$ cat my_file10.txt   # compact mmCIF, C-alpha atoms
# COMPACT_ATOMS: atom_id res chain seq x y z
CA MET P 299 -9.95 14.29 3.44
CA VAL P 300 -11.98 16.29 0.89
CA ARG P 301 -10.55 19.72 0.07
CA SER P 302 -10.98 22.54 -2.42
CA ASP P 303 -9.96 26.17 -2.68
CA GLY P 304 -12.95 26.94 -0.49
CA GLY P 305 -11.75 24.83 2.42
CA GLU P 306 -12.03 21.33 3.81
CA ALA P 307 -15.29 19.39 3.74
CA ALA P 308 -14.36 16.70 6.26
CA PRO P 309 -16.70 16.76 9.26
CA SER P 310 -15.36 16.33 12.79
CA ALA P 311 -18.17 14.05 14.08
CA PRO P 312 -17.05 10.39 13.84
CA LYS P 313 -19.91 8.82 11.88
CA PRO P 314 -20.36 11.57 9.24
CA ARG P 315 -16.55 11.52 8.82
CA GLN P 316 -16.65 7.74 8.38
CA LEU P 317 -19.48 8.06 5.86
CA LEU P 318 -17.57 10.65 3.81
CA ALA P 319 -14.44 8.50 3.93
CA LEU P 320 -16.28 5.55 2.41
CA LEU P 321 -17.91 7.71 -0.26
CA ALA P 322 -14.52 9.24 -1.11
CA ALA P 323 -12.76 5.88 -1.16
CA ARG P 324 -15.26 4.71 -3.77
CA ALA P 325 -15.74 8.01 -5.57
CA ASP P 326 -17.88 7.86 -8.72
CA GLU P 327 -19.45 4.59 -7.53
CA VAL P 328 -22.99 4.24 -6.26
CA ILE P 329 -22.92 2.86 -2.72
CA SER P 330 -26.14 1.34 -1.48
CA VAL P 331 -27.81 2.60 1.67
CA ASP P 332 -27.59 -0.91 3.11
CA LEU P 333 -23.82 -0.96 2.64
CA LEU P 334 -23.49 2.47 4.26
CA ILE P 335 -25.50 1.22 7.24
CA ASP P 336 -23.32 -1.89 7.50
CA GLU P 337 -20.20 0.28 7.54
CA LEU P 338 -21.50 2.65 10.20
CA TRP P 339 -23.16 0.16 12.58
CA GLU P 340 -22.06 -3.30 11.35
CA SER P 341 -24.44 -5.95 12.77
CA ARG P 342 -26.30 -3.65 15.18
CA PRO P 343 -27.93 -0.77 13.29
CA PRO P 344 -30.52 1.32 15.12
CA SER P 345 -34.11 1.35 13.93
CA SER P 346 -33.53 4.91 12.74
CA ALA P 347 -30.49 3.97 10.63
CA VAL P 348 -31.94 5.04 7.25
CA THR P 349 -33.12 8.39 8.61
CA THR P 350 -29.79 8.95 10.34
CA VAL P 351 -27.88 8.27 7.11
CA GLN P 352 -30.10 10.79 5.34
CA THR P 353 -29.31 13.34 8.06
CA TYR P 354 -25.58 12.72 7.67
CA ILE P 355 -25.86 13.06 3.89
CA GLY P 356 -27.57 16.43 4.35
CA GLN P 357 -24.73 17.58 6.61
CA LEU P 358 -22.13 16.42 4.10
CA ARG P 359 -23.85 18.21 1.23
CA ARG P 360 -23.80 21.47 3.17
CA SER P 361 -20.11 21.01 4.00
CA LEU P 362 -19.31 20.20 0.37
CA ALA P 363 -21.30 23.20 -0.83
CA ARG P 364 -19.29 25.52 1.44
CA ALA P 365 -15.97 23.97 0.44
CA LEU P 366 -16.79 24.10 -3.28
CA ARG P 367 -18.53 27.50 -3.04
CA ILE P 368 -21.72 26.23 -4.62
CA GLY P 369 -25.33 26.05 -3.47
CA PRO P 370 -26.74 23.09 -1.49
CA ALA P 371 -29.04 22.19 -4.38
CA GLU P 372 -26.08 22.00 -6.76
CA ALA P 373 -24.17 19.88 -4.24
CA ALA P 374 -27.10 17.45 -4.10
CA ALA P 375 -27.54 17.35 -7.86
CA ASP P 376 -23.93 17.24 -9.04
CA VAL P 377 -21.60 16.32 -6.17
CA LEU P 378 -23.28 13.97 -3.67
CA GLN P 379 -26.14 12.46 -5.61
CA PHE P 380 -28.95 10.11 -4.59
CA THR P 381 -29.65 7.58 -7.33
CA GLY P 382 -32.77 5.93 -5.95
CA TRP P 383 -30.98 3.13 -4.10
CA GLY P 384 -27.70 4.65 -2.97
CA TYR P 385 -25.40 7.65 -2.97
CA ARG P 386 -22.57 8.63 -5.29
CA LEU P 387 -19.79 11.15 -4.56
CA ALA P 388 -18.69 12.59 -7.90
CA ALA P 389 -14.94 13.14 -8.16
CA GLY P 390 -15.35 15.56 -11.07
CA GLU P 391 -12.03 17.06 -12.10
CA GLY P 392 -10.54 16.58 -8.66
CA SER P 393 -7.68 14.31 -7.69
CA HIS P 394 -7.76 11.42 -5.26
CA ASP P 395 -4.59 10.70 -3.30
CA ALA P 396 -5.19 6.95 -3.20
CA HIS P 397 -5.88 6.77 -6.94
CA ALA P 398 -2.83 8.92 -7.69
CA PHE P 399 -0.65 6.69 -5.52
CA LEU P 400 -1.94 3.46 -7.08
CA ARG P 401 -1.51 4.76 -10.63
CA CYS P 402 2.01 6.04 -10.01
CA ALA P 403 2.97 2.79 -8.24
CA GLU P 404 1.58 0.78 -11.16
CA LEU P 405 3.67 2.76 -13.65
CA GLY P 406 6.72 2.22 -11.47
CA ARG P 407 6.06 -1.51 -11.31
CA GLU P 408 5.75 -1.68 -15.09
CA ALA P 409 9.02 0.22 -15.53
CA LEU P 410 10.78 -2.13 -13.11
CA ALA P 411 9.47 -5.18 -14.98
CA ARG P 412 10.98 -3.98 -18.26
CA GLY P 413 14.30 -3.05 -16.65
CA ALA P 414 13.86 0.74 -16.79
CA ASN P 415 15.34 1.08 -13.33
CA ASP P 416 15.91 4.86 -13.31
CA GLN P 417 12.31 5.48 -14.36
CA ALA P 418 11.00 2.92 -11.86
CA SER P 419 12.91 4.57 -9.03
CA VAL P 420 11.57 8.03 -9.88
CA LEU P 421 7.97 6.83 -10.20
CA LEU P 422 8.00 4.75 -7.02
CA HIS P 423 9.63 7.53 -5.00
CA ARG P 424 6.93 9.85 -6.32
CA ALA P 425 4.17 7.41 -5.41
CA LEU P 426 5.43 7.04 -1.85
CA ARG P 427 5.71 10.81 -1.37
CA ILE P 428 1.93 10.99 -1.77
CA TRP P 429 1.60 9.25 1.60
CA ARG P 430 1.40 11.83 4.38
CA GLY P 431 0.66 9.38 7.18
CA PRO P 432 -1.30 6.19 7.87
CA ALA P 433 -4.22 5.54 5.55
CA LEU P 434 -7.56 6.81 6.93
CA ALA P 435 -5.93 8.21 10.07
CA GLY P 436 -8.53 9.72 12.38
CA VAL P 437 -11.43 7.83 10.79
CA ARG P 438 -13.47 5.17 12.58
CA LEU P 439 -13.26 1.97 10.52
CA GLY P 440 -16.11 -0.41 9.80
CA PRO P 441 -15.68 -3.55 7.69
CA TYR P 442 -15.47 -1.85 4.29
CA LEU P 443 -13.08 0.92 5.27
CA LEU P 444 -10.95 -1.58 7.17
CA ALA P 445 -10.66 -3.70 4.01
CA HIS P 446 -9.84 -0.57 2.00
CA ARG P 447 -7.11 0.49 4.42
CA THR P 448 -5.63 -3.02 4.46
CA HIS P 449 -5.49 -2.98 0.65
CA LEU P 450 -3.80 0.43 0.59
CA GLU P 451 -1.25 -0.53 3.24
CA GLU P 452 -0.38 -3.70 1.34
CA GLN P 453 0.03 -1.71 -1.88
CA ARG P 454 2.24 0.75 -0.05
CA LEU P 455 4.49 -2.02 1.28
CA THR P 456 4.76 -3.49 -2.22
CA ALA P 457 5.74 -0.07 -3.57
CA VAL P 458 8.41 0.23 -0.87
CA GLU P 459 9.83 -3.18 -1.83
CA GLN P 460 9.88 -2.30 -5.51
CA ARG P 461 11.40 1.13 -4.90
CA VAL P 462 14.16 -0.46 -2.81
CA GLU P 463 14.68 -3.04 -5.55
CA SER P 464 14.99 -0.38 -8.25
CA ASP P 465 17.46 1.60 -6.13
CA LEU P 466 19.44 -1.56 -5.43
CA ARG P 467 19.65 -2.28 -9.14
CA LEU P 468 21.03 1.23 -9.59
CA GLY P 469 23.85 0.49 -7.15
CA HIS P 470 22.58 2.38 -4.11
CA HIS P 471 23.20 -0.51 -1.70
CA HIS P 472 25.13 1.58 0.84
CA GLU P 473 22.29 4.11 1.09
CA LEU P 474 19.67 1.37 1.52
CA ILE P 475 21.24 -0.45 4.46
CA GLY P 476 19.88 1.88 7.15
CA GLU P 477 16.37 1.88 5.72
CA LEU P 478 16.30 -1.89 5.30
CA SER P 479 17.57 -2.50 8.82
CA GLY P 480 14.47 -0.66 10.06
CA LEU P 481 12.11 -2.40 7.64
CA VAL P 482 13.18 -5.91 8.68
CA LEU P 483 12.60 -4.97 12.32
CA GLN P 484 9.14 -3.72 11.39
CA TYR P 485 8.36 -6.81 9.29
CA PRO P 486 10.31 -9.66 10.93
CA LEU P 487 8.67 -12.39 8.81
CA HIS P 488 8.87 -10.64 5.42
CA GLU P 489 11.26 -12.70 3.33
CA ASN P 490 11.71 -10.38 0.37
CA LEU P 491 12.72 -7.44 2.55
CA HIS P 492 15.25 -9.70 4.25
CA SER P 493 16.51 -10.83 0.83
CA LEU P 494 16.96 -7.22 -0.25
CA PHE P 495 18.76 -6.47 3.02
CA MET P 496 21.08 -9.46 2.58
CA THR P 497 21.98 -8.39 -0.94
CA SER P 498 22.62 -4.78 0.13
CA LEU P 499 24.92 -5.95 2.92
CA TYR P 500 26.76 -8.37 0.64
CA ARG P 501 27.34 -5.69 -1.99
CA ALA P 502 28.60 -3.37 0.75
CA GLY P 503 31.26 -5.95 1.66
CA ARG P 504 29.47 -7.29 4.74
CA PRO P 505 28.70 -10.95 3.93
CA ALA P 506 28.83 -12.10 7.57
CA GLN P 507 26.07 -9.64 8.47
CA ALA P 508 24.08 -10.79 5.44
CA LEU P 509 24.21 -14.36 6.77
CA ASP P 510 23.18 -13.12 10.23
CA VAL P 511 20.08 -11.60 8.63
CA PHE P 512 19.21 -14.95 7.11
CA GLN P 513 19.66 -16.71 10.44
CA LYS P 514 17.40 -14.22 12.20
CA ILE P 515 14.52 -14.64 9.79
CA ARG P 516 15.01 -18.40 9.84
CA ASN P 517 14.69 -18.40 13.63
CA SER P 518 11.67 -16.10 13.49
CA LEU P 519 9.87 -18.25 10.93
CA ARG P 520 10.52 -21.38 12.98
CA GLU P 521 9.39 -19.82 16.26
CA GLU P 522 6.38 -17.88 14.97
CA LEU P 523 5.07 -20.12 12.19
CA GLY P 524 6.88 -23.44 12.55
CA ILE P 525 8.17 -23.30 8.98
CA GLU P 526 11.51 -23.07 7.20
CA PRO P 527 12.55 -20.20 4.90
CA SER P 528 11.37 -20.45 1.31
CA PRO P 529 13.64 -21.70 -1.49
CA ARG P 530 13.98 -18.15 -2.83
CA ILE P 531 15.64 -16.65 0.24
CA ARG P 532 17.69 -19.81 0.72
CA GLN P 533 19.06 -19.21 -2.78
CA VAL P 534 20.24 -15.79 -1.65
CA GLN P 535 21.89 -17.35 1.41
CA GLN P 536 23.65 -19.92 -0.78
CA ALA P 537 24.73 -17.20 -3.19
CA VAL P 538 26.30 -15.25 -0.32
CA LEU P 539 28.11 -18.37 0.91
CA ALA P 540 29.41 -19.07 -2.60
CA ALA P 541 30.26 -15.41 -3.32
CA ASP P 542 28.16 -15.80 -6.45
CA PRO P 543 28.99 -12.94 -8.87
CA ARG P 544 25.33 -12.59 -9.79
CA LEU P 545 24.77 -10.93 -6.42
CA GLU P 546 26.94 -8.06 -7.66
CA ALA P 547 25.38 -7.74 -11.09
CA GLU P 548 22.42 -5.58 -12.04
CA CYS P 549 19.42 -7.88 -12.58
CA ARG P 550 16.92 -7.16 -15.30
CA SER P 551 14.52 -9.84 -14.10
CA ARG P 552 13.11 -9.55 -10.58
CA LEU P 553 15.89 -9.65 -8.01
CA PHE P 554 16.49 -12.89 -6.18
CA ARG P 555 15.10 -15.15 -8.89
CA LEU P 556 18.70 -16.19 -9.17
CA GLU P 557 17.86 -19.54 -10.69
CA LEU P 558 20.78 -21.24 -8.99
CA ASP P 559 19.10 -24.62 -8.78
CA LEU P 560 15.40 -24.01 -9.41
CA PRO P 561 13.68 -23.77 -12.80
CA SER P 562 12.40 -20.34 -13.80
CA ALA P 563 8.77 -19.41 -13.34
CA HIS P 564 8.36 -19.33 -17.14
CA SER P 565 9.47 -22.94 -17.55
CA ALA P 566 7.15 -24.37 -14.87
$ encode --input "my_file10.txt" --output "structure tokens"
Amino acid sequence: MVRSDGGEAAPSAPKPRQLLALLAARADEVISVDLLIDELWESRPPSSAVTTVQTYIGQLRRSLARALRIGPAEAAADVLQFTGWGYRLAAGEGSHDAHAFLRCAELGREALARGANDQASVLLHRALRIWRGPALAGVRLGPYLLAHRTHLEEQRLTAVEQRVESDLRLGHHHELIGELSGLVLQYPLHENLHSLFMTSLYRAGRPAQALDVFQKIRNSLREELGIEPSPRIRQVQQAVLAADPRLEAECRSRLFRLELDLPSAHSA
């Protein structure tokens, strides 16, 4: 969770570990004592909550001091500071996996938007390699960490979609079929993943399977949500039925905005 050449500073006890996770997730921000208490105990804090937080902070400072090979006073003054109304974990010159992932994914997204597909693929692959497992694994989650994990997981899924899209633009449809078959099982109501899967199958010469994918998500949407597929994925279905050559071409705009019958987003 928090590492240096001197070792790891993550405590094993659940609540101090949770406290450090929140401070690390919002490194360089001052987090109020009230918010820390809400995270640790939600709506039922003990009467000793403030004192207990102070005790946990003392434990964390000692752990950080050992990991960073500095004195406890320096850890309190420069690393885990009290500002008068809250605590701030200083990132210093260190790196933060979540920040590194988000920055790399953002650069990949920008490259994809301007049609730099090779660059987008490299950046998005790099971003996803930063993930070594589920976000905040082994940490008890209160409301703020739960929201943070949800945000990270959503950003990760978006990066996966965009990485698949960049690879598909580069003609790697055969290699993507296995991965996408697993992703649509994992996310049975996710239309864009199904659209990507349909296009990969079509380009691999398997249009009947592409149409089966559409039928499966259509049935799932009806049964689970009582709705029909969106116009966007229906455009992909119609393109498969019509053997539309645009399904074979590299797209420089976002895939699946095929504009077969609908106006573009820019003309709305």
$ atom_distance --input "my_file10.txt" --atom1 "CA of Leu455 in chain P" --atom2 "CA of Arg530 in chain P"
19.2 Å
$ closest_residue --input "my_file10.txt" --among "P:Arg461, P:Ile368, P:Arg544, P:Leu478" --to "Gln417 in chain P" --atoms "only C-alpha atoms"
P:Arg461
$ residues_around --input "my_file10.txt" --residues "Arg504 in chain P" --least-positions-apart "5" --cutoff "12 Å" --atoms "all atoms listed in the file" --output "MDAnalysis selection string"
chainID P and resid 471:472 475 495:499 509:511 538:539 541
$ residues_around --input "my_file10.txt" --residues "Phe399 in chain P" --least-positions-apart "3" --cutoff "8 Å" --atoms "only C-alpha atoms" --output "ChimeraX atom specification"
/P:395-396,402-403,425-426,428-429
$ closest_residue --input "my_file10.txt" --among "P:Lys313, P:Arg386, P:Arg447, P:Arg359" --to "Ser330 in chain P" --atoms "all atoms listed in the file"
P:Arg386
$ atom_distance --input "my_file10.txt" --atom1 "CA of Ile335 in chain P" --atom2 "CA of Ala347 in chain P"
6.6 Å
$ closest_residue --input "my_file10.txt" --among "P:Leu422, P:His446, P:Leu439, P:Leu434" --to "Arg324 in chain P" --atoms "all atoms listed in the file"
P:His446
$ residues_around --input "my_file10.txt" --residues "range 353-358 of chain P" --least-positions-apart "3" --cutoff "10 Å" --atoms "all atoms listed in the file" --output "ChimeraX atom specification"
/P:307-309,311,313-315,317-318,347-350,361-364,370,373-374,378-380,385
$ closest_residue --input "my_file10.txt" --among "P:Ala371, P:Val534, P:Ala319, P:Leu443" --to "Asp336 in chain P" --atoms "all atoms listed in the file"
P:Leu443
$ closest_residue --input "my_file10.txt" --among "P:Leu491, P:Ala433, P:Ala540, P:Val420" --to "Pro505 in chain P" --atoms "only C-alpha atoms"
P:Ala540
$ atom_distance --input "my_file10.txt" --atom1 "CA of Val482 in chain P" --atom2 "CA of Pro529 in chain P"
18.8 Å
$ closest_residue --input "my_file10.txt" --among "P:Leu366, P:Ala398, P:Val328, P:Val377" --to "Leu450 in chain P" --atoms "all atoms listed in the file"
P:Ala398
$ residues_around --input "my_file10.txt" --residues "Val462 in chain P" --least-positions-apart "3" --cutoff "8 Å" --atoms "only C-alpha atoms" --output "PyMOL selection string"
chain P and resi 458-459+465-466+474+494
$ residues_around --input "my_file10.txt" --residues "Ser464 in chain P" --least-positions-apart "4" --cutoff "7 Å" --atoms "all atoms listed in the file" --output "list in words"
Leu410, Asn415, Ala418, Ser419, Gln460 and Leu468 of chain P
